[in-house]
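Student: Dropping in entry_25.txt, with compact mmCIF, C-alpha atoms.
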```txt
# COMPACT_ATOMS: atom_id res chain seq x y z
CA MET S 249 0.00 0.00 0.00
CA ASN S 250 1.36 3.35 -1.07
CA PHE S 251 1.17 6.32 1.34
CA THR S 252 3.77 8.48 -0.37
CA ASP S 253 3.29 12.22 0.33
CA GLN S 254 0.53 11.44 2.83
CA THR S 255 0.59 12.43 6.49
CA ALA S 256 -0.72 10.15 9.22
CA VAL S 257 -1.44 11.13 12.82
CA VAL S 258 -1.34 8.12 15.16
CA THR S 259 -2.38 8.59 18.79
CA GLY S 260 -0.86 6.30 21.37
CA GLY S 261 1.85 5.66 18.82
CA SER S 262 4.84 4.95 21.03
CA ARG S 263 4.20 1.30 21.96
CA GLY S 264 2.17 -1.82 21.19
CA LEU S 265 -0.48 -1.50 18.51
CA GLY S 266 0.33 2.17 17.95
CA ARG S 267 3.98 1.44 17.26
CA ALA S 268 3.05 -1.34 14.82
CA VAL S 269 0.68 1.03 13.00
CA CYS S 270 3.33 3.75 12.76
CA LEU S 271 5.83 1.29 11.30
CA GLU S 272 3.31 -0.12 8.81
CA LEU S 273 2.40 3.35 7.54
CA ALA S 274 6.06 4.39 7.45
CA LYS S 275 6.84 1.34 5.30
CA GLY S 276 4.27 2.63 2.83
CA GLY S 277 5.97 6.02 2.64
CA ALA S 278 3.76 8.11 4.95
CA ASN S 279 4.92 11.03 7.04
CA VAL S 280 4.19 9.98 10.62
CA VAL S 281 2.98 12.26 13.41
CA LEU S 282 3.41 10.16 16.52
CA CYS S 283 1.33 11.23 19.52
CA TYR S 284 2.35 9.89 22.92
CA ALA S 285 1.06 10.47 26.44
CA GLY S 286 4.22 10.38 28.53
CA ASN S 287 6.81 7.76 27.59
CA ALA S 288 9.28 9.92 25.68
CA ALA S 289 11.88 7.15 25.47
CA ALA S 290 9.46 4.76 23.79
CA ALA S 291 8.27 7.53 21.45
CA GLU S 292 11.86 8.30 20.43
CA GLU S 293 12.53 4.60 19.81
CA THR S 294 9.46 4.32 17.57
CA ALA S 295 10.34 7.55 15.76
CA LYS S 296 13.84 6.27 14.99
CA ALA S 297 12.43 2.95 13.73
CA CYS S 298 10.09 4.84 11.37
CA GLU S 299 12.91 7.10 10.18
CA ALA S 300 15.00 4.02 9.44
CA LEU S 301 12.24 3.04 7.01
CA GLY S 302 12.59 6.39 5.25
CA ALA S 303 9.71 8.24 6.90
CA GLN S 304 9.70 11.81 8.17
CA VAL S 305 8.50 11.77 11.77
CA LEU S 306 7.14 14.33 14.22
CA ALA S 307 6.69 13.15 17.82
CA VAL S 308 4.27 15.20 19.93
CA LYS S 309 3.35 14.72 23.58
CA CYS S 310 -0.41 15.06 23.93
CA ASP S 311 -3.19 14.16 26.33
CA VAL S 312 -5.98 13.31 23.88
CA SER S 313 -8.65 14.01 26.50
CA ASP S 314 -7.63 17.71 26.50
CA ALA S 315 -9.14 19.67 23.60
CA ALA S 316 -6.45 22.36 23.68
CA GLN S 317 -3.64 19.80 23.48
CA VAL S 318 -5.39 17.97 20.64
CA LYS S 319 -5.67 21.21 18.69
CA GLU S 320 -1.97 21.86 19.23
CA LEU S 321 -1.21 18.34 17.98
CA MET S 322 -3.16 18.76 14.75
CA ASP S 323 -1.87 22.30 14.21
CA ALA S 324 1.70 21.00 14.59
CA ALA S 325 1.02 18.25 12.05
CA VAL S 326 -0.34 20.72 9.48
CA ALA S 327 2.46 23.22 10.15
CA ARG S 328 5.11 20.54 9.55
CA PHE S 329 3.58 18.62 6.65
CA GLY S 330 0.85 20.85 5.23
CA ARG S 331 -2.04 18.40 5.55
CA ILE S 332 -3.48 15.44 7.46
CA ASP S 333 -4.55 12.51 5.30
CA ILE S 334 -4.90 9.77 7.90
CA LEU S 335 -5.94 9.78 11.55
CA VAL S 336 -5.57 6.60 13.61
CA ASN S 337 -7.19 6.89 17.04
CA ASN S 338 -5.32 4.27 19.03
CA ALA S 339 -4.70 5.94 22.41
CA GLY S 340 -6.39 3.94 25.14
CA ILE S 341 -6.17 2.95 28.80
CA THR S 342 -7.76 0.41 31.13
CA ARG S 343 -8.83 0.65 34.78
CA ASP S 344 -10.42 -2.75 35.28
CA GLY S 345 -12.70 -3.78 38.13
CA LEU S 346 -16.14 -5.18 38.82
CA LEU S 347 -18.97 -2.67 38.62
CA MET S 348 -19.82 -2.96 42.33
CA THR S 349 -16.31 -1.87 43.33
CA MET S 350 -15.37 0.32 40.36
CA LYS S 351 -14.47 3.85 41.37
CA GLU S 352 -16.18 6.68 39.54
CA GLU S 353 -12.81 8.22 38.73
CA ASP S 354 -11.75 4.97 37.01
CA PHE S 355 -14.84 5.08 34.81
CA ASP S 356 -14.21 8.74 34.02
CA ALA S 357 -10.51 8.22 33.22
CA VAL S 358 -11.15 5.40 30.76
CA THR S 359 -13.99 7.12 28.94
CA ALA S 360 -12.06 10.41 28.87
CA THR S 361 -9.11 8.89 27.01
CA ASN S 362 -10.78 6.16 24.96
CA LEU S 363 -14.06 7.81 24.01
CA LYS S 364 -13.72 11.56 24.49
CA GLY S 365 -10.17 11.47 23.13
CA THR S 366 -11.37 9.81 19.94
CA PHE S 367 -14.16 12.39 19.63
CA LEU S 368 -11.79 15.32 20.10
CA CYS S 369 -9.27 14.02 17.57
CA MET S 370 -11.94 13.33 14.95
CA LYS S 371 -13.44 16.77 15.47
CA ALA S 372 -10.02 18.39 15.15
CA VAL S 373 -9.28 16.81 11.74
CA ALA S 374 -12.77 16.69 10.21
CA ARG S 375 -12.76 20.23 8.82
CA GLN S 376 -9.23 19.82 7.41
CA MET S 377 -10.19 16.59 5.65
CA MET S 378 -13.45 18.07 4.36
CA ARG S 379 -11.52 20.94 2.78
CA GLN S 380 -9.18 18.42 1.16
CA ARG S 381 -12.21 16.37 0.07
CA CYS S 382 -10.37 13.24 1.11
CA GLY S 383 -9.19 11.57 4.29
CA ARG S 384 -9.12 8.35 6.25
CA ILE S 385 -10.09 8.01 9.92
CA VAL S 386 -9.49 4.64 11.57
CA ASN S 387 -10.61 4.19 15.17
CA LEU S 388 -9.38 1.40 17.44
CA SER S 389 -12.32 -0.21 19.20
CA SER S 390 -12.09 -3.69 20.76
CA VAL S 391 -13.74 -7.07 20.76
CA VAL S 392 -14.83 -6.02 24.27
CA GLY S 393 -16.89 -3.24 22.66
CA LEU S 394 -18.68 -5.89 20.60
CA ARG S 395 -19.34 -8.56 23.23
CA GLY S 396 -18.60 -7.05 26.64
CA ASN S 397 -16.33 -8.47 29.31
CA ALA S 398 -16.76 -8.93 33.05
CA GLY S 399 -14.64 -6.49 34.99
CA GLN S 400 -14.45 -4.00 32.13
CA VAL S 401 -17.71 -2.06 32.18
CA ASN S 402 -15.83 1.22 31.68
CA TYR S 403 -13.62 -0.12 28.87
CA ALA S 404 -16.52 -1.85 27.13
CA ALA S 405 -18.60 1.33 27.30
CA SER S 406 -15.79 3.40 25.80
CA LYS S 407 -15.08 0.96 22.98
CA ALA S 408 -18.75 0.41 22.14
CA GLY S 409 -19.10 4.18 22.06
CA VAL S 410 -16.23 4.40 19.58
CA ILE S 411 -18.19 2.12 17.24
CA GLY S 412 -21.27 4.34 17.49
CA MET S 413 -19.23 7.47 16.78
CA THR S 414 -17.50 5.76 13.86
CA LYS S 415 -20.77 4.89 12.14
CA SER S 416 -22.28 8.31 12.80
CA LEU S 417 -19.31 10.31 11.52
CA ALA S 418 -19.00 8.01 8.49
CA LYS S 419 -22.48 9.15 7.46
CA GLU S 420 -21.62 12.81 8.05
CA LEU S 421 -18.40 12.81 6.01
CA ALA S 422 -19.04 10.28 3.23
CA SER S 423 -20.12 12.88 0.66
CA ARG S 424 -16.80 14.72 1.15
CA GLY S 425 -14.63 11.73 0.28
CA VAL S 426 -13.69 11.03 3.90
CA THR S 427 -14.04 7.47 5.20
CA VAL S 428 -14.41 6.54 8.87
CA ASN S 429 -13.95 2.94 9.98
CA ALA S 430 -13.09 0.98 13.11
CA VAL S 431 -10.90 -2.00 13.91
CA ALA S 432 -11.82 -4.22 16.85
CA PRO S 433 -8.75 -6.14 18.04
CA GLY S 434 -9.14 -9.23 20.16
CA PHE S 435 -6.48 -10.66 22.46
CA ILE S 436 -3.27 -9.14 21.08
CA ASP S 437 0.20 -9.67 22.51
CA THR S 438 0.93 -6.18 23.94
CA ASP S 439 1.98 -4.63 27.25
CA MET S 440 -1.70 -4.16 28.11
CA THR S 441 -2.54 -7.86 27.80
CA ALA S 442 0.75 -8.89 29.40
CA ALA S 443 -0.42 -7.20 32.60
CA MET S 444 -3.48 -9.45 32.86
CA PRO S 445 -3.57 -12.13 35.60
CA GLU S 446 -2.53 -15.57 34.32
CA ALA S 447 -5.95 -17.09 35.04
CA ALA S 448 -7.63 -14.41 32.94
CA LYS S 449 -5.14 -14.95 30.09
CA THR S 450 -5.76 -18.69 30.09
CA ALA S 451 -9.55 -18.26 30.05
CA THR S 452 -9.37 -15.69 27.27
CA LEU S 453 -7.04 -17.80 25.16
CA ALA S 454 -9.49 -20.70 25.44
CA SER S 455 -12.21 -18.50 23.91
CA ILE S 456 -10.22 -17.83 20.71
CA PRO S 457 -11.18 -20.28 17.94
CA MET S 458 -7.76 -19.89 16.29
CA GLY S 459 -6.16 -20.85 19.62
CA ARG S 460 -3.44 -18.20 19.71
CA LEU S 461 -2.74 -14.57 20.50
CA GLY S 462 -2.72 -12.01 17.75
CA ALA S 463 0.36 -9.94 16.97
CA PRO S 464 0.34 -6.13 16.79
CA GLU S 465 1.26 -6.46 13.12
CA ASP S 466 -1.98 -8.38 12.46
CA VAL S 467 -3.92 -5.31 13.54
CA ALA S 468 -1.59 -2.80 11.90
CA ARG S 469 -2.01 -4.36 8.46
CA VAL S 470 -5.81 -4.06 8.69
CA VAL S 471 -5.51 -0.45 9.87
CA ALA S 472 -3.21 0.28 6.93
CA PHE S 473 -5.70 -1.24 4.49
CA LEU S 474 -8.52 0.95 5.81
CA ALA S 475 -6.22 3.98 5.61
CA SER S 476 -5.30 3.23 2.00
CA GLY S 477 -6.76 4.06 -1.37
CA GLU S 478 -7.71 0.40 -1.74
CA ALA S 479 -10.43 0.97 0.88
CA ALA S 480 -11.88 4.08 -0.77
CA TYR S 481 -15.38 2.53 -0.93
CA VAL S 482 -15.36 1.19 2.63
CA THR S 483 -16.85 3.37 5.37
CA GLY S 484 -18.78 2.95 8.60
CA GLN S 485 -17.47 -0.58 9.08
CA VAL S 486 -16.04 -2.46 12.05
CA LEU S 487 -13.43 -5.11 11.21
CA ALA S 488 -12.69 -7.57 14.02
CA VAL S 489 -9.10 -8.80 14.17
CA ASP S 490 -9.59 -11.36 16.88
CA GLY S 491 -8.96 -14.92 15.71
CA GLY S 492 -12.72 -15.50 15.71
CA MET S 493 -13.53 -14.39 19.28
CA ALA S 494 -16.51 -12.24 18.30
CA MET S 495 -18.17 -14.78 16.01
```
Output the file's structure as structure tokens, nothing else.
Tutor:
Amino acid sequence: MNFTDQTAVVTGGSRGLGRAVCLELAKGGANVVLCYAGNAAAAEETAKACEALGAQVLAVKCDVSDAAQVKELMDAAVARFGRIDILVNNAGITRDGLLMTMKEEDFDAVTATNLKGTFLCMKAVARQMMRQRCGRIVNLSSVVGLRGNAGQVNYAASKAGVIGMTKSLAKELASRGVTVNAVAPGFIDTDMTAAMPEAAKTATLASIPMGRLGAPEDVARVVAFLASGEAAYVTGQVLAVDGGMAM
């Protein structure tokens, strides 16, 4: 897939799925604007890996739940590269716990980053992409947003909300040549899943028909497809990359 002369903004781009997405887009020739929340060392490592593939990279620290910081992020991207062609909303956090013991601040934190952050980033690029009469927005949801999961009411709510926003904005922007789609990863081998208790990992693995974890690259390749010209007639869709979990 060819992304030459295109600029991609990837939130949560320093590690895990975000890093894999940055590298996949860089391989295709995209300029990469890498947004990270706080791990500057990981962001620098990802930036260098993208540059080694020939990409121009801009790393920006940004809290996606803060509208002012999101505006600064997008303004910096346009100032450096002149346009934004691709937005990948990958930034996400978890604060797991059963509903009866879940703290209100844990619900608020997860929805602020995962749901509100996606909203703010889409809003910040929508006008730019409408003026260009082209653009690709790819939102990272989750298999948990499709089927729920005990102990993750806050995370499930945020990721289900991402799907609703994806479909709604796809209808708003379709006539302007802008597509909006979502990817719903399943159990992927990342730092987030590595932190799960062993019993939970074993139970989750047993629920995957393919019988194995996914790799970040499995997700990144699907994101890249939806961000490409090959997916120009695909919008408002949710593609599960989950080894069959959501069937």
Student: Within 12 Å of (-7.9, 18.9, 10.3) in the file's own coordinates, which protein, DNA or RNA residues have an atom, counting only C-alpha atoms? List them as a PyMOL selection string.
Tutor: chain S and resi 255-257+318-327+330-335+368-385+426
Student: So, with all atoms listed in the file as the atoms that count, which of S:Ile436, S:Leu388, S:Leu474, S:Val482 lies closest to S:Arg460?
Tutor: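 Under the stated criterion, the closest residue is S:Ile436.
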Student: Compile the contact shell of S:Gly264 as a ChimeraX atom specification: residues with an atom at most 12 Å away, counting all atoms listed in the file, same-chain residues fewer than 5 positions apart removed.
Tutor: /S:259,269-271,284,290-291,294,338-340,436-442,462-468
Student: Using only C-alpha atoms for the distances, tell me which of S:Gly260, S:Pro433, S:Gly345, S:Gly286 is nearest to S:Val471.
Tutor: S:Pro433
Student: Residues of stretch 293-382 of chain S within 9 Å of stretch 273-277 of chain S: nearest atom pair and distance (Å, one decimal) for each, counting all atoms listed in the file, sorted by chain and number, as CSV?
Tutor:
```
residue,atom,partner,partner_atom,distance
S:Cys298,CA,S:Ala274,CA,5.6
S:Glu299,CA,S:Ala274,CA,7.9
S:Leu301,CA,S:Lys275,CA,5.9
S:Gly302,CA,S:Gly277,CA,7.1
S:Ala303,CA,S:Ala274,CA,5.3
S:Gln304,CA,S:Ala274,CA,8.3
S:Val305,CA,S:Ala274,CA,8.9
```
Student: Considering all atoms listed in the file, state which residue in the set S:Leu265, S:Ile341, S:Val392, S:Val410 is at the smallest distance from S:Gln485.
Tutor: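 Closest to S:Gln485, using all atoms listed in the file: S:Val410.
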Student: Neighbours of S:Ala295 within 8 Å (all atoms listed in the file; same-chain residues fewer than 6 positions away dropped), as a list of chain:residue names?
Tutor: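 What passes the distance filter is S:Leu282, S:Val305, S:Leu306, S:Ala307.
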Student: So, counting all atoms listed in the file, which residue among S:Thr361, S:Thr349, S:Thr427, S:Thr342 is closest to S:Asn402?
Tutor: S:Thr342
Student: Between atom CA of S:Ala430 and atom CA of S:Gly484, what is the distance in Å, rounded to a tenth?
Tutor: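 Taking atom CA of S:Ala430 as the start and atom CA of S:Gly484 as the end point, the length is 7.5 Å.
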Student: Which one of S:Gly434, S:Phe355, S:Glu272, S:Tyr481 sits closest to S:Arg395 if you count only C-alpha atoms?
Tutor: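 For S:Arg395, the nearest of the candidates is S:Gly434.
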Student: Contacts of S:Leu346 at 12 Å or less, counting only C-alpha atoms, minus same-chain residues fewer than 6 places along, as a compact mmCIF listing (two decimals) with C-alpha atoms, keeping the file's coordinate frame?
Tutor:
```txt
# COMPACT_ATOMS: atom_id res chain seq x y z
CA GLU S 352 -16.18 6.68 39.54
CA ASP S 354 -11.75 4.97 37.01
CA PHE S 355 -14.84 5.08 34.81
CA ASN S 397 -16.33 -8.47 29.31
CA ALA S 398 -16.76 -8.93 33.05
CA GLY S 399 -14.64 -6.49 34.99
CA GLN S 400 -14.45 -4.00 32.13
CA VAL S 401 -17.71 -2.06 32.18
CA ASN S 402 -15.83 1.22 31.68
CA TYR S 403 -13.62 -0.12 28.87
```
Student: Using all atoms listed in the file, which of S:Met493, S:Val391, S:Val470, S:Met413 sits nearest S:Pro457?
Tutor: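 Checking each of S:Met493, S:Val391, S:Val470, S:Met413 against S:Pro457, counting all atoms listed in the file, the winner is S:Met493.
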Student: So what do you get for atom CA of S:Lys309 versus atom CA of S:Ser262, distance-wise?
Tutor: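 That distance, rounded to one decimal, is 10.2 Å.
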Student: Atom CA of S:Thr483 and atom CA of S:Met495, how far apart in Å?
Tutor: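 Straight-line distance from atom CA of S:Met495 to atom CA of S:Thr483 works out to 21.1 Å.
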